[in-house]
Amino acid sequence: MIENYNKIEIKIIMGDDCMAKNHKDISMAVIRRLPKYHRYLKELLDREVYRISSKELSLMMGFTASQIRQDLNNFGGFGQQGYGYNVEELYKEIQKILGLTTNYNTVIIGSGNLGQAIANYTNFQRFGFKLMALFDTNPKLIGMKIRDVPIFDIDELQEFIDENKIDIGIICTPKEFAQDIANKLTKAGVSAIWNFAPIDLKVPEDVIIENVHLSDSLFILSYLLSNQEE
Ligand code: NAI
């Protein structure tokens, strides 16, 4: 009896537009693990693997099987006893939760080494992040193009954002200028900032900031290396 009830529930949960409980209820700890699920599931799909158990996924990803079951339970009934997970459904749902089914327009501020490296990385575009322009103060860079995307004078930022719907500002300037850039971006109406400058930026409450510090990861590596040597 209970078995049948579960089957009915799974069918209902797996209906097209009722995959998950409200995505806003999912904890940030789980959300931070989703890109890794997304990456592994994509790899499985590329290898034409359409079904996987939590145990197999756990061996691949280095999470425990129970962690995987707990995480994936958050957003729908993709796992069935004896069947495992439907890789494609799960991949699509995680894409949806991560907002990767939407397209975003981005600009890069600071077109030096890092700004150009990000601009040259074409993979972001594949996931819907379209680079519309770069900005800088250096006259030698202004007027150049990176992959056909122009570098403009920073003084043109406001006008450019007024004319183009920009969702994400990517800050790649030295840290002394980063707060001023964040102010300019938010004043112009950009509501999400991907910040690479090593500084904690102050922004209005409704603006989202995601900081990236490669050095954090490098220092963890250094810690592990120095402890291994001991
Ligand atoms: P870079 O010196 O090659 O490039 C910085 C660019 O910003 C230059 O082209 C400069 O003309 C421009 N710039 C300066 N003031 C500006 C302003 N007010 N408006 C617009 N553009 C302006 O430096 P790099 O190596 O590209 O580093 C950029 C930033 O990224 C630095 O803050 C650095 O600390 C940070 N960084 C962060 C990493 C991370 O993991 N988060 C990794 C590497 C760098």
# chains A, B, ... in the order shown; residues from 1 in each chain; ligands from 1
>>> closest_atom_pairs(of="chain A", to="ligand 1", cutoff="9 Å", atoms="only C-alpha atoms and all ligand atoms", output="tab-separated table")
residue	atom	partner	partner_atom_place_in_ligand_line	distance
A:Ile108	CA	ligand 1	20 (C)	8.9
A:Ile109	CA	ligand 1	20 (C)	5.2
A:Gly110	CA	ligand 1	7 (O)	3.5
A:Ser111	CA	ligand 1	9 (O)	4.6
A:Gly112	CA	ligand 1	4 (O)	3.2
A:Asn113	CA	ligand 1	26 (O)	3.7
A:Leu114	CA	ligand 1	26 (O)	3.6
A:Gly115	CA	ligand 1	26 (O)	5.6
A:Gln116	CA	ligand 1	26 (O)	7.5
A:Ala117	CA	ligand 1	26 (O)	8.2
A:Leu134	CA	ligand 1	20 (C)	8.9
A:Phe135	CA	ligand 1	20 (C)	5.6
A:Asp136	CA	ligand 1	21 (N)	3.5
A:Thr137	CA	ligand 1	21 (N)	4.8
A:Asn138	CA	ligand 1	11 (O)	4.5
A:Pro139	CA	ligand 1	11 (O)	8.3
A:Lys140	CA	ligand 1	11 (O)	8.8
A:Leu141	CA	ligand 1	9 (O)	7.2
A:Asp153	CA	ligand 1	20 (C)	7.6
A:Ile154	CA	ligand 1	20 (C)	5.4
A:Asp155	CA	ligand 1	19 (N)	8.4
A:Ile171	CA	ligand 1	29 (C)	7.5
A:Cys172	CA	ligand 1	29 (C)	4.3
A:Thr173	CA	ligand 1	7 (O)	3.8
A:Pro174	CA	ligand 1	32 (O)	3.4
A:Lys175	CA	ligand 1	32 (O)	4.5
A:Glu176	CA	ligand 1	32 (O)	7.9
A:Phe177	CA	ligand 1	18 (N)	5.0
A:Ala178	CA	ligand 1	18 (N)	7.3
A:Asp180	CA	ligand 1	18 (N)	7.3
A:Ile181	CA	ligand 1	18 (N)	6.5
A:Asn195	CA	ligand 1	41 (N)	7.2
A:Phe196	CA	ligand 1	41 (N)	3.8
A:Ala197	CA	ligand 1	32 (O)	3.8
A:Pro198	CA	ligand 1	34 (O)	5.6
A:Ile199	CA	ligand 1	32 (O)	8.2
A:Asn211	CA	ligand 1	41 (N)	7.2
A:Val212	CA	ligand 1	41 (N)	4.7
A:His213	CA	ligand 1	41 (N)	3.7
A:Leu214	CA	ligand 1	40 (O)	3.4
A:Ser215	CA	ligand 1	40 (O)	5.8
A:Asp216	CA	ligand 1	40 (O)	8.0
A:Ser217	CA	ligand 1	40 (O)	8.8
>>> select_by_dssp(residues="range 51-105 of chain A", states="alpha helix (DSSP H)", output="PyMOL selection string")
chain A and resi 54-61+65-73+87-97
>>> residues_around(residues="Ala133 in chain A", least_positions_apart="3", cutoff="10 Å", atoms="only C-alpha atoms", output="compact mmCIF listing (two decimals) with all heavy atoms, in the first residue's frame")
# COMPACT_ATOMS: atom_id res chain seq x y z
N ASN A 105 23.11 39.45 -19.97
CA ASN A 105 24.10 40.34 -20.60
C ASN A 105 25.11 40.79 -19.55
O ASN A 105 24.71 41.20 -18.44
CB ASN A 105 23.41 41.57 -21.19
CG ASN A 105 22.61 41.22 -22.44
OD1 ASN A 105 22.87 40.19 -23.07
ND2 ASN A 105 21.65 42.05 -22.78
N THR A 106 26.39 40.74 -19.91
CA THR A 106 27.42 41.12 -18.94
C THR A 106 28.35 42.20 -19.50
O THR A 106 28.46 42.35 -20.73
CB THR A 106 28.30 39.89 -18.55
OG1 THR A 106 29.12 39.53 -19.66
CG2 THR A 106 27.46 38.69 -18.17
N VAL A 107 28.99 42.92 -18.60
CA VAL A 107 30.09 43.82 -19.01
C VAL A 107 31.27 43.56 -18.08
O VAL A 107 31.07 43.19 -16.92
CB VAL A 107 29.71 45.33 -18.91
CG1 VAL A 107 28.73 45.72 -20.00
CG2 VAL A 107 29.17 45.71 -17.53
N ILE A 108 32.47 43.76 -18.61
CA ILE A 108 33.68 43.61 -17.79
C ILE A 108 34.28 44.99 -17.58
O ILE A 108 34.46 45.74 -18.54
CB ILE A 108 34.71 42.69 -18.50
CG1 ILE A 108 34.17 41.25 -18.57
CG2 ILE A 108 36.06 42.74 -17.78
CD1 ILE A 108 35.09 40.28 -19.31
N ILE A 109 34.57 45.32 -16.34
CA ILE A 109 35.21 46.61 -16.05
C ILE A 109 36.64 46.32 -15.62
O ILE A 109 36.86 45.63 -14.61
CB ILE A 109 34.51 47.38 -14.91
CG1 ILE A 109 32.99 47.20 -14.95
CG2 ILE A 109 34.92 48.84 -14.92
CD1 ILE A 109 32.32 47.76 -16.13
N SER A 111 40.08 45.99 -18.24
CA SER A 111 40.35 45.10 -19.38
C SER A 111 41.82 44.72 -19.45
O SER A 111 42.41 44.65 -20.53
CB SER A 111 39.93 45.80 -20.68
OG SER A 111 38.65 46.35 -20.52
N ALA A 119 37.18 37.54 -20.81
CA ALA A 119 36.53 37.84 -22.10
C ALA A 119 36.86 36.79 -23.15
O ALA A 119 36.04 36.47 -24.01
CB ALA A 119 36.97 39.23 -22.58
N LYS A 130 26.23 36.52 -22.01
CA LYS A 130 26.74 37.19 -23.21
C LYS A 130 27.54 38.43 -22.81
O LYS A 130 27.02 39.32 -22.12
CB LYS A 130 25.55 37.59 -24.09
CG LYS A 130 26.01 38.21 -25.38
CD LYS A 130 24.91 38.37 -26.38
CE LYS A 130 25.50 38.88 -27.67
NZ LYS A 130 24.61 39.65 -28.46
N LYS A 145 39.37 45.45 -29.51
CA LYS A 145 38.30 44.47 -29.37
C LYS A 145 38.87 43.16 -28.86
O LYS A 145 39.99 42.78 -29.23
CB LYS A 145 37.64 44.21 -30.73
CG LYS A 145 36.70 45.31 -31.14
CD LYS A 145 35.93 44.93 -32.38
CE LYS A 145 34.87 46.01 -32.65
NZ LYS A 145 34.18 45.78 -33.90
N ILE A 146 38.12 42.48 -28.01
CA ILE A 146 38.49 41.13 -27.59
C ILE A 146 37.39 40.22 -28.12
O ILE A 146 36.23 40.39 -27.74
CB ILE A 146 38.53 41.00 -26.03
CG1 ILE A 146 39.32 42.14 -25.38
CG2 ILE A 146 39.04 39.62 -25.61
CD1 ILE A 146 40.81 42.06 -25.55
N ASP A 148 35.88 40.32 -30.85
CA ASP A 148 34.83 41.16 -31.45
C ASP A 148 34.03 41.99 -30.47
O ASP A 148 33.08 42.67 -30.84
CB ASP A 148 33.84 40.30 -32.27
CG ASP A 148 34.34 40.10 -33.69
OD1 ASP A 148 35.29 40.83 -34.06
OD2 ASP A 148 33.81 39.22 -34.39
N VAL A 149 34.38 41.92 -29.20
CA VAL A 149 33.66 42.72 -28.19
C VAL A 149 34.50 43.97 -27.90
O VAL A 149 35.68 43.86 -27.56
CB VAL A 149 33.43 41.90 -26.89
CG1 VAL A 149 32.63 42.72 -25.89
CG2 VAL A 149 32.74 40.58 -27.20
N PRO A 150 33.91 45.16 -28.04
CA PRO A 150 34.70 46.39 -27.92
C PRO A 150 35.06 46.76 -26.48
O PRO A 150 34.32 46.44 -25.54
CB PRO A 150 33.75 47.47 -28.49
CG PRO A 150 32.38 46.89 -28.34
CD PRO A 150 32.51 45.41 -28.39
N ILE A 151 36.22 47.43 -26.36
CA ILE A 151 36.59 48.02 -25.06
C ILE A 151 36.27 49.52 -25.14
O ILE A 151 36.78 50.23 -26.01
CB ILE A 151 38.09 47.84 -24.75
CG1 ILE A 151 38.47 46.35 -24.75
CG2 ILE A 151 38.45 48.48 -23.41
CD1 ILE A 151 39.96 46.07 -24.50
N PHE A 152 35.41 49.99 -24.24
CA PHE A 152 35.01 51.40 -24.22
C PHE A 152 35.68 52.12 -23.05
O PHE A 152 36.14 51.50 -22.09
CB PHE A 152 33.49 51.53 -24.05
CG PHE A 152 32.70 51.03 -25.23
CD1 PHE A 152 31.73 50.04 -25.06
CD2 PHE A 152 32.90 51.54 -26.51
CE1 PHE A 152 30.99 49.57 -26.14
CE2 PHE A 152 32.15 51.08 -27.59
CZ PHE A 152 31.19 50.10 -27.41
N LEU A 157 30.26 54.15 -19.48
CA LEU A 157 29.56 53.02 -18.83
C LEU A 157 28.07 53.29 -18.63
O LEU A 157 27.23 52.48 -19.03
CB LEU A 157 30.24 52.71 -17.49
CG LEU A 157 29.64 51.54 -16.71
CD1 LEU A 157 29.91 50.22 -17.41
CD2 LEU A 157 30.20 51.47 -15.29
N PHE A 160 26.09 53.30 -21.81
CA PHE A 160 26.01 51.95 -22.39
C PHE A 160 24.96 51.11 -21.65
O PHE A 160 24.15 50.41 -22.27
CB PHE A 160 27.38 51.26 -22.34
CG PHE A 160 27.40 49.95 -23.06
CD1 PHE A 160 27.66 49.89 -24.42
CD2 PHE A 160 27.13 48.76 -22.38
CE1 PHE A 160 27.66 48.67 -25.10
CE2 PHE A 160 27.12 47.53 -23.06
CZ PHE A 160 27.39 47.49 -24.42
N ILE A 161 24.97 51.23 -20.33
CA ILE A 161 24.01 50.43 -19.54
C ILE A 161 22.58 50.95 -19.77
O ILE A 161 21.63 50.16 -19.83
CB ILE A 161 24.39 50.44 -18.04
CG1 ILE A 161 25.72 49.69 -17.87
CG2 ILE A 161 23.31 49.79 -17.19
CD1 ILE A 161 26.31 49.72 -16.48
N ILE A 166 21.86 45.44 -19.06
CA ILE A 166 23.01 44.70 -18.51
C ILE A 166 22.61 44.08 -17.17
O ILE A 166 22.14 44.76 -16.27
CB ILE A 166 24.23 45.64 -18.34
CG1 ILE A 166 24.64 46.24 -19.70
CG2 ILE A 166 25.40 44.90 -17.68
CD1 ILE A 166 25.04 45.21 -20.76
>>> atom_distance(atom1="CA of Ile168 in chain A", atom2="CA of Asn183 in chain A")
13.5 Å
>>> closest_residue(among="A:Leu185, A:Leu131, A:Val87, A:Ile170", to="Tyr104 in chain A", atoms="only C-alpha atoms")
A:Leu131
>>> closest_residue(among="A:Phe219, A:Phe75, A:Tyr37, A:Tyr85", to="Lys55 in chain A", atoms="only C-alpha atoms")
A:Tyr85
>>> closest_residue(among="A:Ile118, A:Gly169, A:Gln179, A:Glu88", to="Glu210 in chain A", atoms="only C-alpha atoms")
A:Gly169
>>> atom_distance(atom1="CA of Ile142 in chain A", atom2="CA of Glu156 in chain A")
10.9 Å
>>> residues_around(residues="Leu45 in chain A", least_positions_apart="4", cutoff="9 Å", atoms="only C-alpha atoms", output="ChimeraX atom specification")
/A:40-41,49-50,87-88,91
>>> write_last_selection(atoms="N, CA, C and O atoms", output="tab-separated table (two decimals), in the first residue's frame")
chain	number	residue	atom	x	y	z
A	40	TYR	N	29.06	17.32	-13.38
A	40	TYR	CA	29.15	15.85	-13.49
A	40	TYR	C	28.00	15.28	-14.32
A	40	TYR	O	28.19	14.34	-15.10
A	41	LEU	N	26.81	15.85	-14.13
A	41	LEU	CA	25.66	15.33	-14.89
A	41	LEU	C	25.85	15.60	-16.38
A	41	LEU	O	25.50	14.78	-17.23
A	49	VAL	N	25.06	8.47	-20.63
A	49	VAL	CA	24.59	7.74	-19.44
A	49	VAL	C	23.33	8.46	-18.97
A	49	VAL	O	23.37	9.66	-18.68
A	50	TYR	N	22.20	7.76	-18.94
A	50	TYR	CA	20.93	8.43	-18.66
A	50	TYR	C	20.36	8.08	-17.28
A	50	TYR	O	19.34	8.61	-16.88
A	87	VAL	N	19.25	11.09	-15.22
A	87	VAL	CA	20.31	12.09	-15.37
A	87	VAL	C	19.81	13.33	-16.12
A	87	VAL	O	20.08	14.47	-15.71
A	88	GLU	N	19.05	13.12	-17.16
A	88	GLU	CA	18.62	14.24	-17.99
A	88	GLU	C	17.65	15.16	-17.24
A	88	GLU	O	17.80	16.38	-17.25
A	91	TYR	N	19.59	17.03	-14.58
A	91	TYR	CA	20.43	18.06	-15.19
A	91	TYR	C	19.59	19.29	-15.55
A	91	TYR	O	19.94	20.43	-15.24
>>> atom_distance(atom1="CA of Gln125 in chain A", atom2="CA of Leu100 in chain A")
10.9 Å
>>> select_by_dssp(residues="range 10-173 of chain A", states="strand (DSSP E)", output="ChimeraX atom specification")
/A:51-52,79-80,84-86,104-109,129-136,145-146,149-153,168-171
>>> write_last_selection(atoms="C-alpha atoms", output="PDB file, in the first residue's frame")
ATOM      1  CA  ARG A  51      20.515   6.707 -15.314  1.00  0.00           C
ATOM      2  CA  ILE A  52      22.740   6.668 -12.248  1.00  0.00           C
ATOM      3  CA  GLY A  79      15.449   9.132  -7.557  1.00  0.00           C
ATOM      4  CA  GLN A  80      13.480   5.925  -7.428  1.00  0.00           C
ATOM      5  CA  GLY A  84      18.527   5.512  -9.558  1.00  0.00           C
ATOM      6  CA  TYR A  85      18.415   9.038 -10.903  1.00  0.00           C
ATOM      7  CA  ASN A  86      17.212  10.168 -14.291  1.00  0.00           C
ATOM      8  CA  TYR A 104      22.283  37.344 -19.187  1.00  0.00           C
ATOM      9  CA  ASN A 105      24.100  40.341 -20.597  1.00  0.00           C
ATOM     10  CA  THR A 106      27.421  41.116 -18.936  1.00  0.00           C
ATOM     11  CA  VAL A 107      30.089  43.823 -19.008  1.00  0.00           C
ATOM     12  CA  ILE A 108      33.681  43.613 -17.794  1.00  0.00           C
ATOM     13  CA  ILE A 109      35.212  46.611 -16.051  1.00  0.00           C
ATOM     14  CA  PHE A 129      26.275  34.801 -20.326  1.00  0.00           C
ATOM     15  CA  LYS A 130      26.735  37.192 -23.207  1.00  0.00           C
ATOM     16  CA  LEU A 131      29.616  39.646 -22.987  1.00  0.00           C
ATOM     17  CA  MET A 132      28.367  42.963 -24.392  1.00  0.00           C
ATOM     18  CA  ALA A 133      31.377  45.235 -23.739  1.00  0.00           C
ATOM     19  CA  LEU A 134      34.542  45.799 -21.749  1.00  0.00           C
ATOM     20  CA  PHE A 135      35.540  49.110 -20.140  1.00  0.00           C
ATOM     21  CA  ASP A 136      38.843  50.638 -19.095  1.00  0.00           C
ATOM     22  CA  LYS A 145      38.297  44.466 -29.374  1.00  0.00           C
ATOM     23  CA  ILE A 146      38.489  41.132 -27.586  1.00  0.00           C
ATOM     24  CA  VAL A 149      33.665  42.719 -28.189  1.00  0.00           C
ATOM     25  CA  PRO A 150      34.699  46.395 -27.916  1.00  0.00           C
ATOM     26  CA  ILE A 151      36.590  48.023 -25.058  1.00  0.00           C
ATOM     27  CA  PHE A 152      35.012  51.403 -24.220  1.00  0.00           C
ATOM     28  CA  ASP A 153      36.093  54.309 -22.041  1.00  0.00           C
ATOM     29  CA  ILE A 168      25.912  41.415 -14.510  1.00  0.00           C
ATOM     30  CA  GLY A 169      28.942  43.655 -14.008  1.00  0.00           C
ATOM     31  CA  ILE A 170      32.281  41.874 -13.740  1.00  0.00           C
ATOM     32  CA  ILE A 171      34.871  43.877 -11.792  1.00  0.00           C
TER      33      ILE A 171
END
>>> residues_around(residues="range 95-97 of chain A", least_positions_apart="2", cutoff="9 Å", atoms="only C-alpha atoms", output="PyMOL selection string")
chain A and resi 23+31+34-35+38+75+90-93+99-102
>>> decode(residues="range 107-137 of chain A", atoms="N, CA and C atoms", output="compact mmCIF listing (two decimals), in the first residue's frame")
# COMPACT_ATOMS: atom_id res chain seq x y z
N VAL A 107 28.99 42.92 -18.60
CA VAL A 107 30.09 43.82 -19.01
C VAL A 107 31.27 43.56 -18.08
N ILE A 108 32.47 43.76 -18.61
CA ILE A 108 33.68 43.61 -17.79
C ILE A 108 34.28 44.99 -17.58
N ILE A 109 34.57 45.32 -16.34
CA ILE A 109 35.21 46.61 -16.05
C ILE A 109 36.64 46.32 -15.62
N GLY A 110 37.59 46.86 -16.37
CA GLY A 110 39.00 46.54 -16.14
C GLY A 110 39.40 45.51 -17.19
N SER A 111 40.08 45.99 -18.24
CA SER A 111 40.35 45.10 -19.38
C SER A 111 41.82 44.72 -19.45
N GLY A 112 42.41 44.49 -18.29
CA GLY A 112 43.81 44.07 -18.23
C GLY A 112 43.92 42.57 -18.38
N ASN A 113 44.90 41.99 -17.68
CA ASN A 113 45.16 40.54 -17.82
C ASN A 113 43.93 39.70 -17.51
N LEU A 114 43.34 39.94 -16.34
CA LEU A 114 42.22 39.11 -15.92
C LEU A 114 40.96 39.38 -16.77
N GLY A 115 40.67 40.68 -16.96
CA GLY A 115 39.48 41.04 -17.74
C GLY A 115 39.54 40.41 -19.13
N GLN A 116 40.70 40.45 -19.73
CA GLN A 116 40.83 39.88 -21.08
C GLN A 116 40.75 38.36 -21.05
N ALA A 117 41.30 37.76 -19.99
CA ALA A 117 41.24 36.29 -19.89
C ALA A 117 39.77 35.84 -19.78
N ILE A 118 39.00 36.56 -18.98
CA ILE A 118 37.57 36.19 -18.83
C ILE A 118 36.85 36.41 -20.16
N ALA A 119 37.18 37.54 -20.81
CA ALA A 119 36.53 37.84 -22.10
C ALA A 119 36.86 36.79 -23.15
N ASN A 120 38.05 36.24 -23.05
CA ASN A 120 38.48 35.24 -24.05
C ASN A 120 37.93 33.84 -23.77
N TYR A 121 37.36 33.66 -22.59
CA TYR A 121 36.86 32.32 -22.23
C TYR A 121 35.44 32.16 -22.79
N THR A 122 35.32 31.44 -23.87
CA THR A 122 34.05 31.41 -24.61
C THR A 122 32.97 30.54 -23.94
N ASN A 123 33.39 29.73 -22.99
CA ASN A 123 32.43 28.79 -22.39
C ASN A 123 31.27 29.48 -21.66
N PHE A 124 31.54 30.66 -21.08
CA PHE A 124 30.47 31.36 -20.35
C PHE A 124 29.30 31.67 -21.29
N GLN A 125 29.65 32.02 -22.52
CA GLN A 125 28.63 32.34 -23.52
C GLN A 125 27.72 31.14 -23.78
N ARG A 126 28.34 29.95 -23.78
CA ARG A 126 27.56 28.72 -24.02
C ARG A 126 26.48 28.53 -22.97
N PHE A 127 26.72 29.04 -21.76
CA PHE A 127 25.73 28.90 -20.70
C PHE A 127 24.81 30.11 -20.60
N GLY A 128 24.87 31.00 -21.58
CA GLY A 128 23.91 32.10 -21.63
C GLY A 128 24.42 33.43 -21.11
N PHE A 129 25.73 33.53 -20.82
CA PHE A 129 26.27 34.80 -20.33
C PHE A 129 26.93 35.52 -21.50
N LYS A 130 26.23 36.52 -22.01
CA LYS A 130 26.74 37.19 -23.21
C LYS A 130 27.54 38.43 -22.81
N LEU A 131 28.78 38.48 -23.27
CA LEU A 131 29.62 39.65 -22.99
C LEU A 131 29.30 40.73 -24.00
N MET A 132 28.80 41.89 -23.50
CA MET A 132 28.37 42.96 -24.39
C MET A 132 29.48 43.99 -24.62
N ALA A 133 30.31 44.23 -23.60
CA ALA A 133 31.38 45.24 -23.74
C ALA A 133 32.36 45.11 -22.59
N LEU A 134 33.57 45.65 -22.83
CA LEU A 134 34.54 45.80 -21.75
C LEU A 134 34.76 47.30 -21.57
N PHE A 135 35.26 47.69 -20.40
CA PHE A 135 35.54 49.11 -20.14
C PHE A 135 36.91 49.24 -19.49
N ASP A 136 37.54 50.39 -19.71
CA ASP A 136 38.84 50.64 -19.10
C ASP A 136 39.10 52.14 -19.09
N THR A 137 40.21 52.52 -18.41
CA THR A 137 40.62 53.93 -18.43
C THR A 137 41.85 54.12 -19.30
